[in-house]
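Enquirer: My structure is stored as input-v1.cif, with mmCIF, N, CA and C atoms.
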data_entry
loop_
_atom_site.group_PDB
_atom_site.id
_atom_site.type_symbol
_atom_site.label_atom_id
_atom_site.label_comp_id
_atom_site.auth_asym_id
_atom_site.auth_seq_id
_atom_site.Cartn_x
_atom_site.Cartn_y
_atom_site.Cartn_z
ATOM 1 N N MET D 566 -11.835 -6.531 2.645
ATOM 2 C CA MET D 566 -12.350 -5.299 2.101
ATOM 3 C C MET D 566 -11.748 -5.107 0.706
ATOM 4 N N THR D 567 -12.622 -4.791 -0.248
ATOM 5 C CA THR D 567 -12.164 -4.589 -1.616
ATOM 6 C C THR D 567 -12.528 -3.174 -2.080
ATOM 7 N N LEU D 568 -11.857 -2.738 -3.134
ATOM 8 C CA LEU D 568 -12.184 -1.426 -3.698
ATOM 9 C C LEU D 568 -13.625 -1.404 -4.203
ATOM 10 N N TRP D 569 -14.078 -2.518 -4.755
ATOM 11 C CA TRP D 569 -15.464 -2.599 -5.235
ATOM 12 C C TRP D 569 -16.443 -2.384 -4.080
ATOM 13 N N GLN D 570 -16.175 -2.993 -2.958
ATOM 14 C CA GLN D 570 -17.053 -2.814 -1.802
ATOM 15 C C GLN D 570 -17.072 -1.355 -1.357
ATOM 16 N N LEU D 571 -15.913 -0.720 -1.355
ATOM 17 C CA LEU D 571 -15.845 0.692 -0.964
ATOM 18 C C LEU D 571 -16.574 1.577 -1.974
ATOM 19 N N GLN D 572 -16.380 1.321 -3.266
ATOM 20 C CA GLN D 572 -17.095 2.070 -4.301
ATOM 21 C C GLN D 572 -18.601 1.894 -4.144
ATOM 22 N N THR D 573 -18.996 0.685 -3.841
ATOM 23 C CA THR D 573 -20.417 0.383 -3.690
ATOM 24 C C THR D 573 -20.996 1.101 -2.480
ATOM 25 N N LEU D 574 -20.300 1.052 -1.363
ATOM 26 C CA LEU D 574 -20.747 1.771 -0.177
ATOM 27 C C LEU D 574 -20.933 3.253 -0.494
ATOM 28 N N LEU D 575 -19.963 3.851 -1.157
ATOM 29 C CA LEU D 575 -20.055 5.278 -1.482
ATOM 30 C C LEU D 575 -21.233 5.572 -2.411
ATOM 31 N N ALA D 576 -21.492 4.681 -3.337
ATOM 32 C CA ALA D 576 -22.637 4.877 -4.232
ATOM 33 C C ALA D 576 -23.956 4.828 -3.457
ATOM 34 N N VAL D 577 -24.071 3.916 -2.511
ATOM 35 C CA VAL D 577 -25.299 3.832 -1.700
ATOM 36 C C VAL D 577 -25.435 5.080 -0.833
ATOM 37 N N VAL D 578 -24.347 5.517 -0.228
ATOM 38 C CA VAL D 578 -24.382 6.728 0.597
ATOM 39 C C VAL D 578 -24.782 7.931 -0.260
ATOM 40 N N ARG D 579 -24.202 8.031 -1.445
ATOM 41 C CA ARG D 579 -24.456 9.164 -2.340
ATOM 42 C C ARG D 579 -25.897 9.186 -2.846
ATOM 43 N N THR D 580 -26.423 8.030 -3.208
ATOM 44 C CA THR D 580 -27.750 7.976 -3.829
ATOM 45 C C THR D 580 -28.877 7.759 -2.829
ATOM 46 N N GLY D 581 -28.544 7.192 -1.677
ATOM 47 C CA GLY D 581 -29.560 6.949 -0.665
ATOM 48 C C GLY D 581 -30.352 5.667 -0.836
ATOM 49 N N SER D 582 -29.972 4.843 -1.804
ATOM 50 C CA SER D 582 -30.667 3.568 -1.964
ATOM 51 C C SER D 582 -29.793 2.561 -2.700
ATOM 52 N N PHE D 583 -30.093 1.301 -2.441
ATOM 53 C CA PHE D 583 -29.366 0.228 -3.113
ATOM 54 C C PHE D 583 -29.729 0.172 -4.597
ATOM 55 N N SER D 584 -30.991 0.410 -4.904
ATOM 56 C CA SER D 584 -31.438 0.364 -6.300
ATOM 57 C C SER D 584 -30.789 1.471 -7.129
ATOM 58 N N ALA D 585 -30.776 2.689 -6.586
ATOM 59 C CA ALA D 585 -30.160 3.808 -7.314
ATOM 60 C C ALA D 585 -28.659 3.604 -7.455
ATOM 61 N N ALA D 586 -28.032 3.056 -6.417
ATOM 62 C CA ALA D 586 -26.600 2.764 -6.493
ATOM 63 C C ALA D 586 -26.323 1.721 -7.574
ATOM 64 N N ALA D 587 -27.186 0.716 -7.669
ATOM 65 C CA ALA D 587 -27.019 -0.318 -8.695
ATOM 66 C C ALA D 587 -27.091 0.296 -10.091
ATOM 67 N N LEU D 588 -28.027 1.204 -10.293
ATOM 68 C CA LEU D 588 -28.126 1.879 -11.594
ATOM 69 C C LEU D 588 -26.866 2.685 -11.884
ATOM 70 N N GLU D 589 -26.397 3.407 -10.886
ATOM 71 C CA GLU D 589 -25.202 4.231 -11.056
ATOM 72 C C GLU D 589 -23.978 3.379 -11.379
ATOM 73 N N LEU D 590 -23.899 2.222 -10.741
ATOM 74 C CA LEU D 590 -22.743 1.341 -10.928
ATOM 75 C C LEU D 590 -22.920 0.364 -12.081
ATOM 76 N N ASP D 591 -24.084 0.419 -12.729
ATOM 77 C CA ASP D 591 -24.409 -0.521 -13.806
ATOM 78 C C ASP D 591 -24.254 -1.961 -13.314
ATOM 79 N N SER D 592 -24.896 -2.225 -12.185
ATOM 80 C CA SER D 592 -24.794 -3.518 -11.538
ATOM 81 C C SER D 592 -26.182 -3.950 -11.078
ATOM 82 N N ALA D 593 -26.294 -5.177 -10.665
ATOM 83 C CA ALA D 593 -27.558 -5.667 -10.124
ATOM 84 C C ALA D 593 -27.718 -5.200 -8.685
ATOM 85 N N GLN D 594 -28.951 -4.938 -8.285
ATOM 86 C CA GLN D 594 -29.219 -4.505 -6.914
ATOM 87 C C GLN D 594 -28.738 -5.553 -5.918
ATOM 88 N N SER D 595 -28.886 -6.810 -6.252
ATOM 89 C CA SER D 595 -28.438 -7.876 -5.346
ATOM 90 C C SER D 595 -26.921 -7.851 -5.161
ATOM 91 N N ALA D 596 -26.178 -7.507 -6.208
ATOM 92 C CA ALA D 596 -24.720 -7.414 -6.103
ATOM 93 C C ALA D 596 -24.317 -6.257 -5.198
ATOM 94 N N VAL D 597 -25.043 -5.152 -5.286
ATOM 95 C CA VAL D 597 -24.779 -3.998 -4.432
ATOM 96 C C VAL D 597 -25.056 -4.370 -2.973
ATOM 97 N N SER D 598 -26.194 -4.979 -2.741
ATOM 98 C CA SER D 598 -26.569 -5.390 -1.394
ATOM 99 C C SER D 598 -25.553 -6.368 -0.817
ATOM 100 N N TYR D 599 -25.129 -7.315 -1.617
ATOM 101 C CA TYR D 599 -24.160 -8.308 -1.176
ATOM 102 C C TYR D 599 -22.814 -7.658 -0.846
ATOM 103 N N ALA D 600 -22.344 -6.725 -1.689
ATOM 104 C CA ALA D 600 -21.055 -6.073 -1.466
ATOM 105 C C ALA D 600 -21.053 -5.307 -0.145
ATOM 106 N N VAL D 601 -22.133 -4.583 0.121
ATOM 107 C CA VAL D 601 -22.214 -3.821 1.378
ATOM 108 C C VAL D 601 -22.320 -4.770 2.570
ATOM 109 N N ALA D 602 -23.116 -5.809 2.445
ATOM 110 C CA ALA D 602 -23.259 -6.775 3.535
ATOM 111 C C ALA D 602 -21.919 -7.450 3.851
ATOM 112 N N GLU D 603 -21.166 -7.805 2.832
ATOM 113 C CA GLU D 603 -19.853 -8.414 3.041
ATOM 114 C C GLU D 603 -18.889 -7.439 3.709
ATOM 115 N N LEU D 604 -18.930 -6.183 3.302
ATOM 116 C CA LEU D 604 -18.076 -5.166 3.923
ATOM 117 C C LEU D 604 -18.445 -5.005 5.394
ATOM 118 N N GLU D 605 -19.740 -4.951 5.687
ATOM 119 C CA GLU D 605 -20.187 -4.847 7.073
ATOM 120 C C GLU D 605 -19.751 -6.067 7.883
ATOM 121 N N ARG D 606 -19.857 -7.241 7.282
ATOM 122 C CA ARG D 606 -19.440 -8.470 7.960
ATOM 123 C C ARG D 606 -17.935 -8.443 8.237
ATOM 124 N N ASP D 607 -17.171 -8.014 7.242
ATOM 125 C CA ASP D 607 -15.718 -7.946 7.370
ATOM 126 C C ASP D 607 -15.308 -6.973 8.475
ATOM 127 N N LEU D 608 -15.965 -5.830 8.532
ATOM 128 C CA LEU D 608 -15.615 -4.803 9.520
ATOM 129 C C LEU D 608 -16.276 -5.045 10.877
ATOM 130 N N GLY D 609 -17.344 -5.807 10.891
ATOM 131 C CA GLY D 609 -18.028 -6.105 12.137
ATOM 132 C C GLY D 609 -18.884 -4.969 12.666
ATOM 133 N N VAL D 610 -19.286 -4.063 11.777
ATOM 134 C CA VAL D 610 -20.142 -2.938 12.170
ATOM 135 C C VAL D 610 -21.208 -2.709 11.107
ATOM 136 N N ARG D 611 -22.288 -2.084 11.516
ATOM 137 C CA ARG D 611 -23.371 -1.730 10.591
ATOM 138 C C ARG D 611 -23.041 -0.367 9.987
ATOM 139 N N LEU D 612 -22.922 -0.315 8.682
ATOM 140 C CA LEU D 612 -22.560 0.922 7.997
ATOM 141 C C LEU D 612 -23.769 1.704 7.509
ATOM 142 N N LEU D 613 -24.865 1.000 7.271
ATOM 143 C CA LEU D 613 -26.067 1.632 6.730
ATOM 144 C C LEU D 613 -27.298 1.211 7.521
ATOM 145 N N GLU D 614 -28.195 2.157 7.699
ATOM 146 C CA GLU D 614 -29.525 1.859 8.226
ATOM 147 C C GLU D 614 -30.420 1.638 7.016
ATOM 148 N N ARG D 615 -31.113 0.520 6.993
ATOM 149 C CA ARG D 615 -31.965 0.171 5.870
ATOM 150 C C ARG D 615 -33.421 0.274 6.292
ATOM 151 N N GLY D 616 -34.259 0.701 5.381
ATOM 152 C CA GLY D 616 -35.675 0.780 5.692
ATOM 153 C C GLY D 616 -36.473 1.180 4.470
ATOM 154 N N ARG D 617 -37.757 1.454 4.693
ATOM 155 C CA ARG D 617 -38.611 1.861 3.568
ATOM 156 C C ARG D 617 -38.123 3.156 2.935
ATOM 157 N N PHE D 618 -37.451 3.963 3.712
ATOM 158 C CA PHE D 618 -36.939 5.250 3.237
ATOM 159 C C PHE D 618 -35.728 5.093 2.334
ATOM 160 N N GLY D 619 -35.157 3.916 2.290
ATOM 161 C CA GLY D 619 -33.951 3.670 1.512
ATOM 162 C C GLY D 619 -32.824 3.271 2.438
ATOM 163 N N ALA D 620 -31.682 3.842 2.252
ATOM 164 C CA ALA D 620 -30.518 3.529 3.085
ATOM 165 C C ALA D 620 -29.793 4.827 3.421
ATOM 166 N N ARG D 621 -29.422 4.945 4.682
ATOM 167 C CA ARG D 621 -28.633 6.115 5.078
ATOM 168 C C ARG D 621 -27.511 5.627 5.984
ATOM 169 N N PRO D 622 -26.393 6.321 5.943
ATOM 170 C CA PRO D 622 -25.240 5.857 6.706
ATOM 171 C C PRO D 622 -25.422 6.044 8.213
ATOM 172 N N THR D 623 -24.876 5.098 8.954
ATOM 173 C CA THR D 623 -24.792 5.235 10.401
ATOM 174 C C THR D 623 -23.641 6.206 10.687
ATOM 175 N N ALA D 624 -23.434 6.529 11.949
ATOM 176 C CA ALA D 624 -22.326 7.418 12.308
ATOM 177 C C ALA D 624 -20.989 6.811 11.877
ATOM 178 N N VAL D 625 -20.793 5.527 12.152
ATOM 179 C CA VAL D 625 -19.550 4.884 11.729
ATOM 180 C C VAL D 625 -19.513 4.760 10.204
ATOM 181 N N GLY D 626 -20.677 4.583 9.592
ATOM 182 C CA GLY D 626 -20.744 4.521 8.135
ATOM 183 C C GLY D 626 -20.252 5.806 7.481
ATOM 184 N N LEU D 627 -20.580 6.942 8.075
ATOM 185 C CA LEU D 627 -20.088 8.230 7.561
ATOM 186 C C LEU D 627 -18.573 8.326 7.675
ATOM 187 N N ARG D 628 -18.035 7.863 8.793
ATOM 188 C CA ARG D 628 -16.580 7.921 8.983
ATOM 189 C C ARG D 628 -15.871 6.967 8.023
ATOM 190 N N VAL D 629 -16.434 5.761 7.863
ATOM 191 C CA VAL D 629 -15.843 4.794 6.934
ATOM 192 C C VAL D 629 -15.927 5.328 5.505
ATOM 193 N N ALA D 630 -17.036 5.963 5.153
ATOM 194 C CA ALA D 630 -17.190 6.524 3.805
ATOM 195 C C ALA D 630 -16.119 7.576 3.527
ATOM 196 N N ALA D 631 -15.802 8.397 4.517
ATOM 197 C CA ALA D 631 -14.749 9.406 4.332
ATOM 198 C C ALA D 631 -13.407 8.740 4.047
ATOM 199 N N HIS D 632 -13.100 7.683 4.784
ATOM 200 C CA HIS D 632 -11.853 6.950 4.537
ATOM 201 C C HIS D 632 -11.890 6.253 3.176
ATOM 202 N N ALA D 633 -13.056 5.742 2.798
ATOM 203 C CA ALA D 633 -13.200 5.072 1.499
ATOM 204 C C ALA D 633 -12.917 6.054 0.365
ATOM 205 N N ARG D 634 -13.439 7.283 0.483
ATOM 206 C CA ARG D 634 -13.157 8.306 -0.538
ATOM 207 C C ARG D 634 -11.659 8.547 -0.663
ATOM 208 N N ALA D 635 -10.996 8.655 0.483
ATOM 209 C CA ALA D 635 -9.553 8.874 0.471
ATOM 210 C C ALA D 635 -8.822 7.696 -0.164
ATOM 211 N N MET D 636 -9.227 6.474 0.177
ATOM 212 C CA MET D 636 -8.581 5.287 -0.379
ATOM 213 C C MET D 636 -8.760 5.213 -1.891
ATOM 214 N N LEU D 637 -9.964 5.503 -2.358
ATOM 215 C CA LEU D 637 -10.209 5.458 -3.804
ATOM 216 C C LEU D 637 -9.447 6.568 -4.512
ATOM 217 N N GLY D 638 -9.301 7.698 -3.857
ATOM 218 C CA GLY D 638 -8.490 8.774 -4.423
ATOM 219 C C GLY D 638 -7.032 8.368 -4.551
ATOM 220 N N LEU D 639 -6.520 7.678 -3.560
ATOM 221 C CA LEU D 639 -5.146 7.176 -3.627
ATOM 222 C C LEU D 639 -4.986 6.147 -4.737
ATOM 223 N N GLY D 640 -5.999 5.321 -4.913
ATOM 224 C CA GLY D 640 -5.963 4.353 -6.008
ATOM 225 C C GLY D 640 -5.859 5.051 -7.354
ATOM 226 N N GLU D 641 -6.592 6.142 -7.508
ATOM 227 C CA GLU D 641 -6.518 6.914 -8.749
ATOM 228 C C GLU D 641 -5.131 7.533 -8.913
ATOM 229 N N ALA D 642 -4.533 7.997 -7.825
ATOM 230 C CA ALA D 642 -3.182 8.566 -7.881
ATOM 231 C C ALA D 642 -2.168 7.515 -8.319
ATOM 232 N N VAL D 643 -2.333 6.288 -7.846
ATOM 233 C CA VAL D 643 -1.446 5.193 -8.258
ATOM 234 C C VAL D 643 -1.589 4.948 -9.757
ATOM 235 N N ARG D 644 -2.828 4.940 -10.249
ATOM 236 C CA ARG D 644 -3.043 4.748 -11.693
ATOM 237 C C ARG D 644 -2.389 5.873 -12.501
ATOM 238 N N GLN D 645 -2.477 7.096 -12.003
ATOM 239 C CA GLN D 645 -1.870 8.233 -12.691
ATOM 240 C C GLN D 645 -0.342 8.099 -12.761
ATOM 241 N N GLU D 646 0.252 7.672 -11.667
ATOM 242 C CA GLU D 646 1.711 7.477 -11.643
ATOM 243 C C GLU D 646 2.128 6.441 -12.671
ATOM 244 N N ALA D 647 1.398 5.345 -12.725
ATOM 245 C CA ALA D 647 1.723 4.295 -13.685
ATOM 246 C C ALA D 647 1.538 4.803 -15.114
ATOM 247 N N ALA D 648 0.477 5.571 -15.358
ATOM 248 C CA ALA D 648 0.234 6.119 -16.693
ATOM 249 C C ALA D 648 1.348 7.077 -17.101
ATOM 250 N N LEU D 649 1.801 7.905 -16.177
ATOM 251 C CA LEU D 649 2.906 8.823 -16.480
ATOM 252 C C LEU D 649 4.170 8.052 -16.830
ATOM 253 N N GLU D 650 4.431 6.991 -16.109
ATOM 254 C CA GLU D 650 5.615 6.179 -16.380
ATOM 255 C C GLU D 650 5.536 5.533 -17.762
ATOM 256 N N ARG D 651 4.341 5.151 -18.165
ATOM 257 C CA ARG D 651 4.153 4.551 -19.492
ATOM 258 C C ARG D 651 4.145 5.612 -20.581
ATOM 259 N N GLY D 652 4.122 6.868 -20.191
ATOM 260 C CA GLY D 652 4.104 7.945 -21.175
ATOM 261 C C GLY D 652 2.726 8.307 -21.660
ATOM 262 N N SER D 653 1.726 7.850 -20.976
ATOM 263 C CA SER D 653 0.367 8.219 -21.351
ATOM 264 C C SER D 653 -0.251 9.042 -20.242
ATOM 265 N N VAL D 654 -1.213 9.838 -20.633
ATOM 266 C CA VAL D 654 -1.930 10.663 -19.659
ATOM 267 C C VAL D 654 -3.342 10.144 -19.566
ATOM 268 N N GLN D 655 -3.801 9.928 -18.343
ATOM 269 C CA GLN D 655 -5.139 9.444 -18.129
ATOM 270 C C GLN D 655 -5.806 10.308 -17.079
ATOM 271 N N GLY D 656 -7.108 10.242 -17.039
ATOM 272 C CA GLY D 656 -7.831 10.958 -15.997
ATOM 273 C C GLY D 656 -9.192 11.375 -16.477
ATOM 274 N N ARG D 657 -9.891 12.035 -15.578
ATOM 275 C CA ARG D 657 -11.217 12.517 -15.890
ATOM 276 C C ARG D 657 -11.161 13.992 -16.204
ATOM 277 N N VAL D 658 -12.008 14.391 -17.141
ATOM 278 C CA VAL D 658 -12.086 15.795 -17.531
ATOM 279 C C VAL D 658 -13.339 16.384 -16.931
#
Translate this structure into structure tokens?

Expert:
Amino acid sequence: MTLWQLQTLLAVVRTGSFSAAALELDSAQSAVSYAVAELERDLGVRLLERGRFGARPTAVGLRVAAHARAMLGLGEAVRQEAALERGSVQGRV
């Protein structure tokens, strides 16, 4: 499991489609699809239901997405700590 895979999963959940997630992430749709498929393979569960309607999270997909948000938030906190130590301030406004 990688941070990119988690970011990608969250983008698909947020936008409701692989194509829209690819646009949001400035990535190819195939890369988005591959990242989610690899994450599902790694975890051994289906995170998204795919169909003509787009993509929506399964019950476990919703729970994993919540943990992914927390993990990415912690990653940002780590970056902030390092920036403070270097004497620079970083973040989103």

Enquirer: If I take atom N of Met566 in chain D and atom C of Ala631 in chain D, how far is one from the other in Å, to one decimal?

Expert: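 Atom C of Ala631 in chain D lies 15.4 Å from atom N of Met566 in chain D.
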
Enquirer: Between atom C of Glu646 in chain D and CA of Leu574 in chain D, measure the distance and give it in Å to one decimal.

Expert: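 For atom C of Glu646 in chain D relative to CA of Leu574 in chain D, the distance reads 26.5 Å.
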
Enquirer: Find the distance between atom N of Ala642 in chain D and atom C of Ala586 in chain D and write it in Å to one decimal.

Expert: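 Distance between the two atoms: 22.7 Å.
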
Enquirer: Can you pull out every residue from chain D that DSSP, working from the backbone, puts in strand (DSSP E), and format the result as a list in words?

Expert: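 Restricting chain D to strand (DSSP E) produces Leu613, Glu614, Arg615, Gly616, Gly619, Ala620, Arg621 and Pro622 of chain D.
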
Enquirer: Go through D:Arg628, D:Ser584, D:Ala633, D:Glu614 and flag the residue nearest Ala596 in chain D, using only C-alpha atoms for the distances.

Expert: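 Among the listed residues, the smallest separation from Ala596 in chain D belongs to D:Ser584.
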
Enquirer: Taking 2 positions as the minimum chain separation for residues in the same chain, which residues sit within 12 Å of Met636 in chain D when counting only C-alpha atoms? Answer as a PyMOL selection string.

Expert: chain D and resi 566-572+575+629-634+638-643

Enquirer: Write a file of the just-selected residues containing N, CA and C atoms, as a tab-separated table (two decimals), in the coordinates of the input.

Expert:
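This went into result.tsv:
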chain	number	residue	atom	x	y	z
D	566	MET	N	-11.84	-6.53	2.64
D	566	MET	CA	-12.35	-5.30	2.10
D	566	MET	C	-11.75	-5.11	0.71
D	567	THR	N	-12.62	-4.79	-0.25
D	567	THR	CA	-12.16	-4.59	-1.62
D	567	THR	C	-12.53	-3.17	-2.08
D	568	LEU	N	-11.86	-2.74	-3.13
D	568	LEU	CA	-12.18	-1.43	-3.70
D	568	LEU	C	-13.62	-1.40	-4.20
D	569	TRP	N	-14.08	-2.52	-4.76
D	569	TRP	CA	-15.46	-2.60	-5.24
D	569	TRP	C	-16.44	-2.38	-4.08
D	570	GLN	N	-16.18	-2.99	-2.96
D	570	GLN	CA	-17.05	-2.81	-1.80
D	570	GLN	C	-17.07	-1.36	-1.36
D	571	LEU	N	-15.91	-0.72	-1.36
D	571	LEU	CA	-15.84	0.69	-0.96
D	571	LEU	C	-16.57	1.58	-1.97
D	572	GLN	N	-16.38	1.32	-3.27
D	572	GLN	CA	-17.10	2.07	-4.30
D	572	GLN	C	-18.60	1.89	-4.14
D	575	LEU	N	-19.96	3.85	-1.16
D	575	LEU	CA	-20.06	5.28	-1.48
D	575	LEU	C	-21.23	5.57	-2.41
D	629	VAL	N	-16.43	5.76	7.86
D	629	VAL	CA	-15.84	4.79	6.93
D	629	VAL	C	-15.93	5.33	5.50
D	630	ALA	N	-17.04	5.96	5.15
D	630	ALA	CA	-17.19	6.52	3.80
D	630	ALA	C	-16.12	7.58	3.53
D	631	ALA	N	-15.80	8.40	4.52
D	631	ALA	CA	-14.75	9.41	4.33
D	631	ALA	C	-13.41	8.74	4.05
D	632	HIS	N	-13.10	7.68	4.78
D	632	HIS	CA	-11.85	6.95	4.54
D	632	HIS	C	-11.89	6.25	3.18
D	633	ALA	N	-13.06	5.74	2.80
D	633	ALA	CA	-13.20	5.07	1.50
D	633	ALA	C	-12.92	6.05	0.36
D	634	ARG	N	-13.44	7.28	0.48
D	634	ARG	CA	-13.16	8.31	-0.54
D	634	ARG	C	-11.66	8.55	-0.66
D	638	GLY	N	-9.30	7.70	-3.86
D	638	GLY	CA	-8.49	8.77	-4.42
D	638	GLY	C	-7.03	8.37	-4.55
D	639	LEU	N	-6.52	7.68	-3.56
D	639	LEU	CA	-5.15	7.18	-3.63
D	639	LEU	C	-4.99	6.15	-4.74
D	640	GLY	N	-6.00	5.32	-4.91
D	640	GLY	CA	-5.96	4.35	-6.01
D	640	GLY	C	-5.86	5.05	-7.35
D	641	GLU	N	-6.59	6.14	-7.51
D	641	GLU	CA	-6.52	6.91	-8.75
D	641	GLU	C	-5.13	7.53	-8.91
D	642	ALA	N	-4.53	8.00	-7.82
D	642	ALA	CA	-3.18	8.57	-7.88
D	642	ALA	C	-2.17	7.52	-8.32
D	643	VAL	N	-2.33	6.29	-7.85
D	643	VAL	CA	-1.45	5.19	-8.26
D	643	VAL	C	-1.59	4.95	-9.76

Enquirer: Do you know which residues are at most 7 Å from Gly581 in chain D counting only N, CA and C atoms, after dropping those on the same chain fewer than 6 positions away, and could you put them as a PyMOL selection string?

Expert: chain D and resi 618-621

Enquirer: Name the closest residue to Ser582 in chain D among the candidates D:Ala647, D:Ala624, D:Leu612, D:Val597; distances are taken between atoms, counting only C-alpha atoms.

Expert: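 Closest to Ser582 in chain D of all the choices is D:Val597.
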
Enquirer: Which one of D:Ala635, D:Ala648, D:Val625, D:Val578 sits closest to Glu605 in chain D if you count only C-alpha atoms?

Expert: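 Smallest separation from Glu605 in chain D among the options: D:Val625.
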
Enquirer: Pick the closest to Pro622 in chain D from D:Val601, D:Arg606, D:Leu588, D:Arg651: which is it, counting only C-alpha atoms?

Expert: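 Answer, going by the shortest atom-to-atom distance: D:Val601.
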
Enquirer: Hey, what does DSSP flag as alpha helix (DSSP H) within chain D? Can you give it to me as an MDAnalysis selection string?

Expert: chainID D and resid 568:580 583:590 594:608 624:651
